[in-house]
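Dumped entry.cif below, it's mmCIF, C-alpha atoms:
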```cif
data_input
loop_
_atom_site.label_atom_id
_atom_site.label_comp_id
_atom_site.auth_asym_id
_atom_site.auth_seq_id
_atom_site.Cartn_x
_atom_site.Cartn_y
_atom_site.Cartn_z
CA MET K 1 237.82 159.30 252.56
CA ALA K 2 235.33 156.40 252.61
CA SER K 3 237.89 153.96 251.21
CA VAL K 4 240.50 155.06 253.76
CA LEU K 5 238.09 154.38 256.63
CA GLU K 6 237.15 151.01 255.14
CA HIS K 7 240.81 150.02 254.80
CA ARG K 8 241.53 151.16 258.34
CA ARG K 9 238.68 149.03 259.69
CA GLU K 10 239.76 145.97 257.71
CA TYR K 11 243.45 146.16 258.62
CA LEU K 12 242.71 146.74 262.31
CA ARG K 13 240.32 143.80 262.27
CA LEU K 14 243.09 141.59 260.87
CA MET K 15 245.60 142.90 263.39
CA ARG K 16 243.28 142.23 266.30
CA GLN K 17 242.54 138.73 265.05
CA PHE K 18 246.24 137.89 264.74
CA THR K 19 246.80 139.33 268.22
CA LEU K 20 244.01 137.22 269.69
CA ASP K 21 245.15 134.05 267.89
CA ALA K 22 248.95 134.29 268.17
CA GLY K 23 249.68 137.16 270.51
CA PHE K 24 251.34 139.24 267.77
CA PHE K 25 251.52 139.88 264.04
CA THR K 26 254.18 140.88 261.53
CA VAL K 27 254.17 143.01 258.40
CA THR K 28 254.17 139.82 256.33
CA ASP K 29 251.08 138.53 258.17
CA ILE K 30 249.09 141.64 257.26
CA GLN K 31 250.51 141.78 253.74
CA LYS K 32 249.37 138.23 252.96
CA ALA K 33 246.05 138.35 254.81
CA ALA K 34 244.98 141.62 253.21
CA GLY K 35 246.51 140.90 249.78
CA ILE K 36 248.34 144.24 249.66
CA PRO K 37 251.94 145.26 248.87
CA ARG K 38 254.41 144.93 251.72
CA SER K 39 255.08 148.68 251.67
CA THR K 40 251.35 149.38 252.12
CA ALA K 41 251.15 146.99 255.08
CA GLN K 42 254.23 148.61 256.64
CA ASP K 43 252.81 152.12 256.16
CA TRP K 44 249.51 151.20 257.81
CA ILE K 45 251.21 149.55 260.78
CA ILE K 46 253.40 152.62 261.34
CA ARG K 47 250.35 154.86 261.08
CA LEU K 48 248.36 152.81 263.60
CA VAL K 49 251.32 152.68 265.99
CA ARG K 50 251.37 156.48 265.89
CA GLU K 51 247.61 156.59 266.53
CA GLY K 52 248.05 154.39 269.60
CA CYS K 53 246.03 151.48 268.22
CA VAL K 54 249.02 149.16 267.82
CA LEU K 55 252.16 148.66 269.90
CA VAL K 56 255.58 147.27 269.02
CA LYS K 57 256.09 144.04 271.00
CA LYS K 58 259.54 143.30 269.65
CA GLU K 59 261.82 145.38 267.46
CA LYS K 60 263.32 143.92 264.28
CA SER K 61 266.54 142.02 265.05
CA GLY K 62 268.68 140.69 262.22
CA ARG K 63 266.45 138.48 260.08
CA THR K 64 263.77 138.29 262.75
CA ALA K 65 260.83 140.47 261.80
CA ALA K 66 259.38 143.04 264.15
CA ARG K 67 256.35 141.87 266.10
CA TYR K 68 253.31 144.02 266.73
CA ALA K 69 250.07 143.68 268.71
CA ALA K 70 246.71 145.39 268.65
CA ILE K 71 246.35 147.18 271.99
CA SER K 72 242.79 146.05 272.73
CA ALA K 73 240.47 143.28 271.68
CA ILE K 74 237.48 145.44 272.64
CA PRO K 75 235.33 145.96 269.51
CA GLN K 76 236.37 149.07 267.63
CA SER K 77 232.76 150.03 267.32
CA THR K 78 229.41 148.70 268.49
CA CYS K 79 228.06 150.46 265.38
CA ARG K 80 228.25 147.92 262.56
CA ARG K 81 226.61 149.91 259.80
CA ILE K 82 225.14 153.40 259.51
CA PHE K 83 223.59 154.46 256.22
CA THR K 84 220.77 156.64 254.91
CA THR K 85 218.17 156.73 252.15
CA THR K 86 216.26 159.78 250.95
CA ASP K 87 213.63 160.90 248.47
CA GLY K 88 214.84 164.50 248.61
CA GLU K 89 212.44 165.58 251.39
CA LYS K 90 212.40 162.72 253.89
CA VAL K 91 215.32 160.65 255.18
CA GLU K 92 215.50 157.20 256.71
CA ILE K 93 218.48 156.50 258.96
CA PHE K 94 219.58 152.89 259.44
CA HIS K 95 221.83 152.08 262.39
CA ASP K 96 222.81 148.42 262.67
CA CYS K 97 224.28 147.89 266.13
CA MET K 98 226.08 144.98 267.79
CA SER K 99 223.63 145.23 270.68
CA GLY K 100 219.85 145.38 270.69
CA ALA K 101 220.09 147.15 274.05
CA CYS K 102 222.25 149.93 272.57
CA ALA K 103 219.86 150.29 269.63
CA ALA K 104 216.94 150.52 272.07
CA PHE K 105 218.78 153.14 274.13
CA CYS K 106 219.40 155.36 271.09
CA GLY K 107 215.86 154.91 269.83
CA HIS K 108 214.42 155.84 273.23
CA HIS K 109 216.51 158.98 273.62
CA HIS K 110 216.08 160.11 270.00
CA THR K 111 212.31 159.82 270.47
CA ARG K 112 212.40 161.84 273.71
CA ALA K 113 214.69 164.47 272.21
CA GLY K 114 212.43 165.05 269.22
CA GLY K 115 214.53 167.17 266.92
CA VAL K 116 214.06 166.22 263.25
CA VAL K 117 213.22 162.57 263.97
CA THR K 118 209.58 161.81 263.15
CA ALA K 119 209.37 158.03 263.72
CA VAL K 120 211.51 155.37 265.37
CA ASN K 121 211.32 151.62 264.84
CA ARG K 122 213.65 148.89 266.11
CA ASP K 123 213.86 145.36 264.71
CA GLY K 124 216.41 143.48 266.81
CA THR K 125 219.73 145.27 266.44
CA LEU K 126 218.56 147.41 263.50
CA LEU K 127 217.34 150.89 264.42
CA ARG K 128 215.29 152.60 261.69
CA GLU K 129 214.45 156.27 262.03
CA ARG K 130 212.39 158.50 259.76
CA ALA K 131 213.38 162.14 259.78
CA ARG K 132 212.86 165.34 257.84
CA ILE K 133 215.46 167.53 256.24
CA GLY K 134 215.88 170.75 258.22
CA ASP K 135 216.70 171.84 261.76
CA ASN K 136 214.95 171.60 265.11
CA PRO K 137 216.94 172.25 268.32
CA VAL K 138 217.15 169.55 270.99
CA SER K 139 217.90 169.91 274.72
CA ILE K 140 220.62 167.46 275.74
CA GLY K 141 222.00 166.86 279.22
CA LEU K 142 221.76 164.75 282.33
CA PRO K 143 218.35 163.36 283.41
CA PRO K 144 215.62 164.40 282.94
CA TYR K 145 217.01 165.58 279.59
CA SER K 146 217.75 163.19 276.73
CA ALA K 147 221.31 161.95 276.35
CA VAL K 148 221.34 162.15 272.54
CA GLY K 149 219.26 163.66 269.76
CA ILE K 150 219.39 164.59 266.09
CA SER K 151 218.95 168.34 265.77
CA GLY K 152 219.34 168.70 262.03
CA ILE K 153 219.68 166.95 258.69
CA ARG K 154 220.84 168.41 255.42
CA TYR K 155 221.22 167.00 251.91
CA THR K 156 224.39 168.20 250.22
CA ASP K 157 226.66 166.92 247.45
CA ASP K 158 224.87 163.54 247.26
CA HIS K 159 225.34 163.06 251.00
CA ILE K 160 223.11 163.16 254.06
CA VAL K 161 224.61 165.04 257.02
CA GLN K 162 223.14 164.39 260.47
CA ARG K 163 223.75 166.92 263.23
CA ILE K 164 223.93 164.94 266.49
CA ARG K 165 224.12 166.40 270.03
CA CYS K 166 224.97 164.10 272.92
CA ILE K 167 226.51 163.56 276.34
CA GLY K 168 228.00 160.64 278.30
CA GLY K 169 227.97 157.22 276.64
CA PRO K 170 226.47 158.48 273.35
CA ALA K 171 229.24 161.08 273.19
CA TYR K 172 231.82 158.28 273.44
CA SER K 173 230.02 156.48 270.62
CA LEU K 174 230.06 159.62 268.47
CA THR K 175 233.72 160.47 269.09
CA ASP K 176 235.27 156.98 269.21
CA MET K 177 232.99 154.55 267.38
CA MET K 178 230.65 155.94 264.74
CA SER K 179 233.39 156.95 262.30
CA ARG K 180 234.44 153.29 262.10
CA ALA K 181 231.01 151.96 261.11
CA GLU K 182 230.45 150.72 257.58
CA GLY K 183 228.70 153.41 255.53
CA ILE K 184 230.18 156.41 257.33
CA VAL K 185 232.00 158.85 255.07
CA ARG K 186 233.28 161.13 257.83
CA VAL K 187 232.44 162.59 261.24
CA GLU K 188 233.18 166.24 262.15
CA LEU K 189 233.30 166.92 265.89
CA SER K 190 233.08 169.87 268.26
CA GLN K 191 232.59 170.14 272.03
CA THR K 192 231.14 172.77 274.33
CA GLY K 193 231.41 171.89 278.00
CA GLY K 194 230.21 168.32 278.37
CA ILE K 195 228.06 168.39 275.20
CA VAL K 196 229.55 166.88 272.06
CA GLU K 197 228.20 167.79 268.63
CA GLY K 198 229.01 166.01 265.41
CA ASN K 199 228.20 166.17 261.73
CA VAL K 200 227.87 162.57 260.53
CA TRP K 201 228.23 162.17 256.75
CA THR K 202 226.73 159.25 254.81
CA GLN K 203 225.90 158.71 251.16
CA ALA K 204 222.39 159.67 250.04
CA LEU K 205 221.13 156.28 248.86
CA THR K 206 217.81 155.27 247.28
CA HIS K 207 215.39 152.91 249.01
CA LEU K 208 214.43 149.95 246.80
CA THR K 209 211.71 147.48 247.82
CA ILE K 210 211.52 144.20 245.87
CA GLY K 211 208.49 141.90 246.06
CA VAL K 212 208.90 138.19 245.22
CA ASP K 213 206.24 135.51 244.64
CA ASP K 214 205.40 132.24 242.88
CA THR K 215 208.97 130.96 242.81
CA ASP K 216 208.21 127.53 244.30
CA SER K 217 206.17 124.52 243.22
CA LYS K 218 204.21 121.76 244.94
CA GLU K 219 207.33 119.60 244.51
CA GLY K 220 209.64 121.90 246.43
CA GLY K 221 211.14 125.29 247.04
CA ALA K 222 210.04 128.21 249.17
CA THR K 223 209.62 131.84 248.15
CA PHE K 224 210.89 133.15 251.50
CA ALA K 225 214.16 131.20 251.02
CA LEU K 226 214.68 132.45 247.48
CA ALA K 227 213.95 136.02 248.57
CA LEU K 228 216.61 135.72 251.28
CA ALA K 229 219.04 134.29 248.72
CA LEU K 230 218.25 137.22 246.41
CA LEU K 231 218.98 139.68 249.23
CA THR K 232 222.38 138.08 249.77
CA HIS K 233 223.08 137.94 246.03
CA ILE K 234 222.41 141.57 245.15
CA SER K 235 224.09 142.97 248.28
CA ALA K 236 227.36 141.09 247.79
CA GLY K 237 229.19 144.25 246.63
CA ARG K 238 229.58 147.65 248.25
CA THR K 239 227.02 149.47 246.10
CA VAL K 240 223.97 147.75 247.63
CA LEU K 241 223.33 147.60 251.38
CA PRO K 242 220.86 145.01 252.72
CA ILE K 243 218.09 146.26 255.01
CA SER K 244 215.50 143.56 255.68
CA HIS K 245 213.42 140.57 254.58
CA HIS K 246 209.72 140.14 255.32
CA VAL K 247 207.00 137.55 254.75
CA VAL K 248 203.41 138.65 254.08
CA MET K 249 200.27 136.52 253.84
CA LEU K 250 197.90 137.04 250.92
CA ASN K 251 194.43 135.61 250.18
CA ASP K 252 194.52 132.06 251.53
CA LYS K 253 191.38 131.14 249.57
CA ILE K 254 193.14 131.26 246.20
CA ILE K 255 192.73 127.81 244.61
CA ASN K 256 196.04 127.54 242.75
CA LYS K 257 198.31 128.47 245.67
CA THR K 258 201.17 126.07 246.47
CA ALA K 259 200.64 126.24 250.24
CA GLY K 260 199.47 129.09 252.50
CA ASN K 261 199.85 131.78 249.82
CA SER K 262 202.63 133.87 251.28
CA ALA K 263 204.89 136.26 249.43
CA SER K 264 208.08 138.04 250.43
CA TYR K 265 209.66 141.41 250.02
CA ILE K 266 213.18 142.59 250.66
CA GLU K 267 214.57 146.08 251.15
CA VAL K 268 217.93 147.42 250.05
CA ALA K 269 219.68 150.78 249.91
CA VAL K 270 221.18 151.45 246.49
CA GLN K 271 223.33 154.08 244.88
CA PRO K 272 220.90 155.91 242.55
CA SER K 273 222.98 155.18 239.44
CA ARG K 274 222.89 151.43 240.14
CA ILE K 275 219.13 150.86 240.46
CA GLU K 276 218.57 149.57 236.92
CA ARG K 277 221.53 147.23 237.28
CA VAL K 278 220.22 145.86 240.57
CA MET K 279 216.82 145.26 239.02
CA ALA K 280 218.36 143.41 236.07
CA LYS K 281 220.53 141.34 238.39
CA SER K 282 217.45 140.43 240.44
CA ARG K 283 215.54 139.31 237.35
CA ASP K 284 218.39 137.11 236.15
CA PHE K 285 218.83 135.51 239.56
CA VAL K 286 215.16 134.70 240.17
CA GLU K 287 214.61 133.47 236.62
CA ASN K 288 217.51 131.04 237.01
CA GLU K 289 216.64 129.89 240.54
CA ALA K 290 212.82 129.79 240.63
CA LEU K 291 211.14 126.39 240.43
CA SER K 292 208.00 127.85 238.86
CA PRO K 293 207.77 129.52 235.42
CA GLU K 294 205.21 131.92 236.95
CA TRP K 295 207.79 133.66 239.15
CA GLY K 296 207.18 137.36 239.62
CA LEU K 297 209.05 140.42 240.86
CA ALA K 298 207.84 143.91 241.73
CA PHE K 299 210.18 146.86 242.25
CA LEU K 300 209.33 150.15 243.96
CA THR K 301 211.78 152.96 244.69
CA GLY K 302 211.23 155.61 247.31
CA MET K 303 210.08 155.91 250.91
CA THR K 304 206.31 156.06 250.46
CA ILE K 305 203.69 153.45 249.59
CA PRO K 306 201.14 155.32 247.43
CA GLN K 307 197.52 155.14 248.58
CA ASN K 308 196.39 153.31 245.43
CA LEU K 309 199.02 150.64 246.11
CA ARG K 310 197.82 150.21 249.70
CA GLU K 311 194.34 149.68 248.26
CA TYR K 312 195.76 147.03 245.93
CA GLY K 313 197.27 145.35 249.00
CA ARG K 314 193.81 145.15 250.53
CA LYS K 315 192.35 143.66 247.34
CA VAL K 316 195.05 141.01 246.97
CA ARG K 317 194.19 139.74 250.47
CA GLU K 318 190.41 139.81 250.12
CA GLU K 319 189.68 139.19 246.43
CA VAL K 320 190.85 137.19 243.41
CA VAL K 321 193.03 139.65 241.51
CA ASP K 322 194.10 139.27 237.88
CA ARG K 323 197.28 140.42 236.21
CA ALA K 324 195.61 143.37 234.49
CA THR K 325 194.65 144.78 237.90
CA ALA K 326 198.24 144.35 239.12
CA GLU K 327 199.62 146.09 236.05
CA GLU K 328 197.21 149.00 236.45
CA ALA K 329 198.16 149.43 240.13
CA ALA K 330 201.85 149.24 239.27
CA GLN K 331 201.55 151.87 236.56
CA LYS K 332 199.72 154.29 238.85
CA SER K 333 202.20 153.83 241.71
CA GLY K 334 205.42 153.82 239.70
CA ALA K 335 206.22 150.18 240.46
CA VAL K 336 207.94 147.96 237.87
CA LEU K 337 206.82 144.36 237.30
CA SER K 338 208.78 141.44 235.82
CA GLY K 339 207.93 137.79 235.22
CA GLY K 340 204.75 135.71 235.08
CA ASN K 341 201.55 135.77 237.12
CA GLY K 342 203.65 135.86 240.27
CA VAL K 343 203.74 139.64 239.80
CA ILE K 344 200.25 139.73 241.36
CA GLY K 345 201.53 138.50 244.71
CA ALA K 346 204.89 140.22 244.39
CA LEU K 347 203.19 143.60 244.03
CA GLY K 348 200.91 142.65 246.93
CA ALA K 349 203.96 142.12 249.13
CA VAL K 350 205.30 145.56 248.22
CA ALA K 351 201.86 147.08 248.85
CA LEU K 352 201.98 145.74 252.42
CA ALA K 353 205.54 146.93 253.12
CA TRP K 354 206.33 148.76 256.37
CA LEU K 355 203.15 147.64 258.13
CA PRO K 356 203.55 145.93 261.53
CA HIS K 357 204.44 142.23 261.41
CA GLU K 358 201.14 141.22 263.01
CA ILE K 359 199.26 142.86 260.12
CA GLN K 360 201.53 141.48 257.42
CA LEU K 361 201.07 137.93 258.71
CA ASP K 362 197.30 138.04 259.31
CA PRO K 363 195.15 138.56 256.19
CA ALA K 364 192.12 139.22 258.40
CA ARG K 365 193.70 142.31 259.96
CA LYS K 366 192.55 145.66 258.54
CA PHE K 367 195.16 148.33 257.99
CA PHE K 368 193.09 151.24 256.64
#
```

How does the structure come out when it is put into structure tokens?
Amino acid sequence: MASVLEHRREYLRLMRQFTLDAGFFTVTDIQKAAGIPRSTAQDWIIRLVREGCVLVKKEKSGRTAARYAAISAIPQSTCRRIFTTTDGEKVEIFHDCMSGACAAFCGHHHTRAGGVVTAVNRDGTLLRERARIGDNPVSIGLPPYSAVGISGIRYTDDHIVQRIRCIGGPAYSLTDMMSRAEGIVRVELSQTGGIVEGNVWTQALTHLTIGVDDTDSKEGGATFALALALLTHISAGRTVLPISHHVVMLNDKIINKTAGNSASYIEVAVQPSRIERVMAKSRDFVENEALSPEWGLAFLTGMTIPQNLREYGRKVREEVVDRATAEEAAQKSGAVLSGGNGVIGALGAVALAWLPHEIQLDPARKFF
């Protein structure tokens, strides 16, 4: 089902682009642009004509091919990506929207509705929500009620299923847009009066945080840039979904720092069976691209920063920490280290993950 939805999105995108550029498209246009057999292109066009997404502008006449047009250039979905990570008890929902305003709207109403959502955070167009597996009814309706809420989450067959109740604009999003977002497996809908309910299926992915440090030298390079390049590199396929990149400041009194002593961490959502491969791919990339032989990586799976690792984060900002201390903290927290002495700062970046930006960027700020 997932591949069918992905193909549908891609072919409709091509059809809309041809319509915007030339006013029409042909079977040959889609065949060549998508790199698919002509019969497959023809079948998809017929299917989308039947669905009302495409119209026939001109019937085939002799050797002149039929011309088609996408009915609307309005975005199929304001929901770019929707995906989920879980540790078996807690779930994090990621909703990457075309509009920061829409993300803010959903975050506001999900918070008011309560339900199974326990925390909401928005970074630009990315809405991140922590939730618990289980059920908790929500009251949805016109003001003063919330317009949308998540009333339940279950973990079944390696998938996370969100139960969403909504009305008005959010109902339009649920019925007409969410199924077209990257990461959605399927959406099951029902309606009672003006309230729409839907089961939204996504894969149950694993959260992987990767710390990066000591990849530059006094002659050039920047760890933040290499960390961003690593995020792009490992998320090039469909098995790894990028989440975020962050910069954290460590102890600025360290003598052998290259500049201000910052480190980076990135977050990705990974299919559980691919974690070891992603880690190996990360090691190879950083080893080949780092300008310092002391490059270091730290990997942590899961949705919780253990307390001993938070304590290590405090130490790496206030004290001079050696590698043995980093290795001990990693062993106790389940983190994996790779590389040279850069693992000290890389693990420090992971230890400071998910704290507010103002804390991450100010070593003087206390966080516990």

I'd like to see the residues matched by the PyMOL selection byres ((chain K and resi 204-211) around 7) on this file, and ideally I'd get them as a PyMOL selection string. chain K and resi 84-86+158-160+202-203+212-213+264-272+297-303+346-347+349-350

Excluding same-chain residues fewer than 2 positions from K:Pro293, what lies within 12 Å of it counting only C-alpha atoms, as a VMD selection string? chain K and resid 213 to 217 286 to 291 295 to 296 338 to 343

Neighbourhood query: residues within 6 Å of (218.3, 168.2, 263.8), file coordinates, counting only C-alpha atoms; return as a list in words. Gly115, Val116, Asp135, Asn136, Ile150, Ser151, Gly152, Ile153 and Arg163 of chain K

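Using only C-alpha atoms, the smallest distance between any of K:Cys106, K:Leu226, K:Val54, K:Leu189 and K:Gly169 comes from K:Cys106.
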
Using all atoms listed in the file, the residue out of K:Gly334, K:Thr223, K:Thr325, K:Gly345 with shortest distance to K:Ile254 is K:Gly345

Atom pair atom CA of K:Ser292 / atom CA of K:Asn308: separation (Å):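 A separation of 28.7 Å between them.
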
Taking all atoms of stretch 138-155 of chain K that appear in the file, build a box with edges along x, y and z, extend it by 6 Å on every side, and state its centre and edge lengths in Å to one decimal, as AutoDock Vina command-line options.
```
--center_x 218.8 --center_y 165.9 --center_z 267.7 --size_x 18.4 --size_y 20.0 --size_z 43.5
```

How would stretch 43-78 of chain K read, as a PDB file, in the coordinates of the input, once N, CA and C atoms are built in?
```pdb
ATOM      1  N   ASP K  43     253.271 150.758 255.941  1.00  0.00           N
ATOM      2  CA  ASP K  43     252.810 152.120 256.160  1.00  0.00           C
ATOM      3  C   ASP K  43     251.607 152.165 257.109  1.00  0.00           C
ATOM      4  N   TRP K  44     250.686 151.221 256.947  1.00  0.00           N
ATOM      5  CA  TRP K  44     249.510 151.200 257.810  1.00  0.00           C
ATOM      6  C   TRP K  44     249.884 150.838 259.248  1.00  0.00           C
ATOM      7  N   ILE K  45     250.789 149.916 259.426  1.00  0.00           N
ATOM      8  CA  ILE K  45     251.210 149.550 260.780  1.00  0.00           C
ATOM      9  C   ILE K  45     251.872 150.742 261.469  1.00  0.00           C
ATOM     10  N   ILE K  46     252.753 151.434 260.766  1.00  0.00           N
ATOM     11  CA  ILE K  46     253.400 152.620 261.340  1.00  0.00           C
ATOM     12  C   ILE K  46     252.364 153.663 261.716  1.00  0.00           C
ATOM     13  N   ARG K  47     251.404 153.870 260.816  1.00  0.00           N
ATOM     14  CA  ARG K  47     250.350 154.860 261.080  1.00  0.00           C
ATOM     15  C   ARG K  47     249.546 154.500 262.319  1.00  0.00           C
ATOM     16  N   LEU K  48     249.176 153.232 262.471  1.00  0.00           N
ATOM     17  CA  LEU K  48     248.360 152.810 263.600  1.00  0.00           C
ATOM     18  C   LEU K  48     249.154 152.762 264.897  1.00  0.00           C
ATOM     19  N   VAL K  49     250.466 152.562 264.799  1.00  0.00           N
ATOM     20  CA  VAL K  49     251.320 152.680 265.990  1.00  0.00           C
ATOM     21  C   VAL K  49     251.290 154.128 266.475  1.00  0.00           C
ATOM     22  N   ARG K  50     251.395 155.057 265.530  1.00  0.00           N
ATOM     23  CA  ARG K  50     251.370 156.480 265.890  1.00  0.00           C
ATOM     24  C   ARG K  50     250.031 156.882 266.499  1.00  0.00           C
ATOM     25  N   GLU K  51     248.945 156.276 266.013  1.00  0.00           N
ATOM     26  CA  GLU K  51     247.610 156.590 266.530  1.00  0.00           C
ATOM     27  C   GLU K  51     247.358 155.963 267.898  1.00  0.00           C
ATOM     28  N   GLY K  52     248.232 155.037 268.312  1.00  0.00           N
ATOM     29  CA  GLY K  52     248.050 154.390 269.600  1.00  0.00           C
ATOM     30  C   GLY K  52     247.178 153.160 269.552  1.00  0.00           C
ATOM     31  N   CYS K  53     246.858 152.674 268.353  1.00  0.00           N
ATOM     32  CA  CYS K  53     246.030 151.480 268.220  1.00  0.00           C
ATOM     33  C   CYS K  53     246.853 150.196 268.239  1.00  0.00           C
ATOM     34  N   VAL K  54     248.126 150.315 267.928  1.00  0.00           N
ATOM     35  CA  VAL K  54     249.020 149.160 267.820  1.00  0.00           C
ATOM     36  C   VAL K  54     250.305 149.476 268.579  1.00  0.00           C
ATOM     37  N   LEU K  55     250.873 148.455 269.214  1.00  0.00           N
ATOM     38  CA  LEU K  55     252.160 148.660 269.900  1.00  0.00           C
ATOM     39  C   LEU K  55     253.206 147.710 269.308  1.00  0.00           C
ATOM     40  N   VAL K  56     254.459 148.093 269.475  1.00  0.00           N
ATOM     41  CA  VAL K  56     255.580 147.270 269.020  1.00  0.00           C
ATOM     42  C   VAL K  56     255.958 146.324 270.165  1.00  0.00           C
ATOM     43  N   LYS K  57     255.751 145.025 269.969  1.00  0.00           N
ATOM     44  CA  LYS K  57     256.090 144.040 271.000  1.00  0.00           C
ATOM     45  C   LYS K  57     257.561 143.685 270.980  1.00  0.00           C
ATOM     46  N   LYS K  58     258.135 143.660 269.781  1.00  0.00           N
ATOM     47  CA  LYS K  58     259.540 143.300 269.650  1.00  0.00           C
ATOM     48  C   LYS K  58     260.105 143.956 268.418  1.00  0.00           C
ATOM     49  N   GLU K  59     261.195 144.706 268.594  1.00  0.00           N
ATOM     50  CA  GLU K  59     261.820 145.380 267.460  1.00  0.00           C
ATOM     51  C   GLU K  59     262.455 144.360 266.515  1.00  0.00           C
ATOM     52  N   LYS K  60     262.638 144.767 265.264  1.00  0.00           N
ATOM     53  CA  LYS K  60     263.320 143.920 264.280  1.00  0.00           C
ATOM     54  C   LYS K  60     264.748 143.654 264.737  1.00  0.00           C
ATOM     55  N   SER K  61     265.177 142.393 264.638  1.00  0.00           N
ATOM     56  CA  SER K  61     266.540 142.020 265.050  1.00  0.00           C
ATOM     57  C   SER K  61     267.117 141.059 264.020  1.00  0.00           C
ATOM     58  N   GLY K  62     268.101 141.534 263.256  1.00  0.00           N
ATOM     59  CA  GLY K  62     268.680 140.690 262.220  1.00  0.00           C
ATOM     60  C   GLY K  62     267.622 140.298 261.203  1.00  0.00           C
ATOM     61  N   ARG K  63     267.462 138.977 261.027  1.00  0.00           N
ATOM     62  CA  ARG K  63     266.450 138.480 260.080  1.00  0.00           C
ATOM     63  C   ARG K  63     265.097 138.231 260.753  1.00  0.00           C
ATOM     64  N   THR K  64     265.024 138.481 262.034  1.00  0.00           N
ATOM     65  CA  THR K  64     263.770 138.290 262.750  1.00  0.00           C
ATOM     66  C   THR K  64     262.901 139.540 262.604  1.00  0.00           C
ATOM     67  N   ALA K  65     261.727 139.340 262.070  1.00  0.00           N
ATOM     68  CA  ALA K  65     260.830 140.470 261.800  1.00  0.00           C
ATOM     69  C   ALA K  65     260.304 141.089 263.083  1.00  0.00           C
ATOM     70  N   ALA K  66     260.000 142.357 263.014  1.00  0.00           N
ATOM     71  CA  ALA K  66     259.380 143.040 264.150  1.00  0.00           C
ATOM     72  C   ALA K  66     258.014 142.431 264.434  1.00  0.00           C
ATOM     73  N   ARG K  67     257.656 142.401 265.696  1.00  0.00           N
ATOM     74  CA  ARG K  67     256.350 141.870 266.100  1.00  0.00           C
ATOM     75  C   ARG K  67     255.500 142.997 266.684  1.00  0.00           C
ATOM     76  N   TYR K  68     254.242 142.985 266.294  1.00  0.00           N
ATOM     77  CA  TYR K  68     253.310 144.020 266.730  1.00  0.00           C
ATOM     78  C   TYR K  68     252.087 143.368 267.371  1.00  0.00           C
ATOM     79  N   ALA K  69     251.318 144.178 268.108  1.00  0.00           N
ATOM     80  CA  ALA K  69     250.070 143.680 268.710  1.00  0.00           C
ATOM     81  C   ALA K  69     249.046 144.808 268.748  1.00  0.00           C
ATOM     82  N   ALA K  70     247.798 144.437 268.467  1.00  0.00           N
ATOM     83  CA  ALA K  70     246.710 145.390 268.650  1.00  0.00           C
ATOM     84  C   ALA K  70     246.530 145.611 270.149  1.00  0.00           C
ATOM     85  N   ILE K  71     246.367 146.854 270.575  1.00  0.00           N
ATOM     86  CA  ILE K  71     246.350 147.180 271.990  1.00  0.00           C
ATOM     87  C   ILE K  71     245.160 146.585 272.710  1.00  0.00           C
ATOM     88  N   SER K  72     243.988 146.538 272.054  1.00  0.00           N
ATOM     89  CA  SER K  72     242.790 146.050 272.730  1.00  0.00           C
ATOM     90  C   SER K  72     241.982 145.154 271.833  1.00  0.00           C
ATOM     91  N   ALA K  73     241.379 144.151 272.423  1.00  0.00           N
ATOM     92  CA  ALA K  73     240.470 143.280 271.680  1.00  0.00           C
ATOM     93  C   ALA K  73     239.023 143.745 271.840  1.00  0.00           C
ATOM     94  N   ILE K  74     238.815 144.866 272.534  1.00  0.00           N
ATOM     95  CA  ILE K  74     237.480 145.440 272.640  1.00  0.00           C
ATOM     96  C   ILE K  74     237.030 145.848 271.242  1.00  0.00           C
ATOM     97  N   PRO K  75     235.777 145.594 270.848  1.00  0.00           N
ATOM     98  CA  PRO K  75     235.330 145.960 269.510  1.00  0.00           C
ATOM     99  C   PRO K  75     235.599 147.426 269.215  1.00  0.00           C
ATOM    100  N   GLN K  76     236.115 147.691 268.017  1.00  0.00           N
ATOM    101  CA  GLN K  76     236.370 149.070 267.630  1.00  0.00           C
ATOM    102  C   GLN K  76     235.112 149.906 267.719  1.00  0.00           C
ATOM    103  N   SER K  77     234.009 149.294 267.348  1.00  0.00           N
ATOM    104  CA  SER K  77     232.760 150.030 267.320  1.00  0.00           C
ATOM    105  C   SER K  77     231.588 149.079 267.524  1.00  0.00           C
ATOM    106  N   THR K  78     230.644 149.473 268.382  1.00  0.00           N
ATOM    107  CA  THR K  78     229.410 148.700 268.490  1.00  0.00           C
ATOM    108  C   THR K  78     228.479 149.032 267.317  1.00  0.00           C
TER     109      THR K  78
END
```
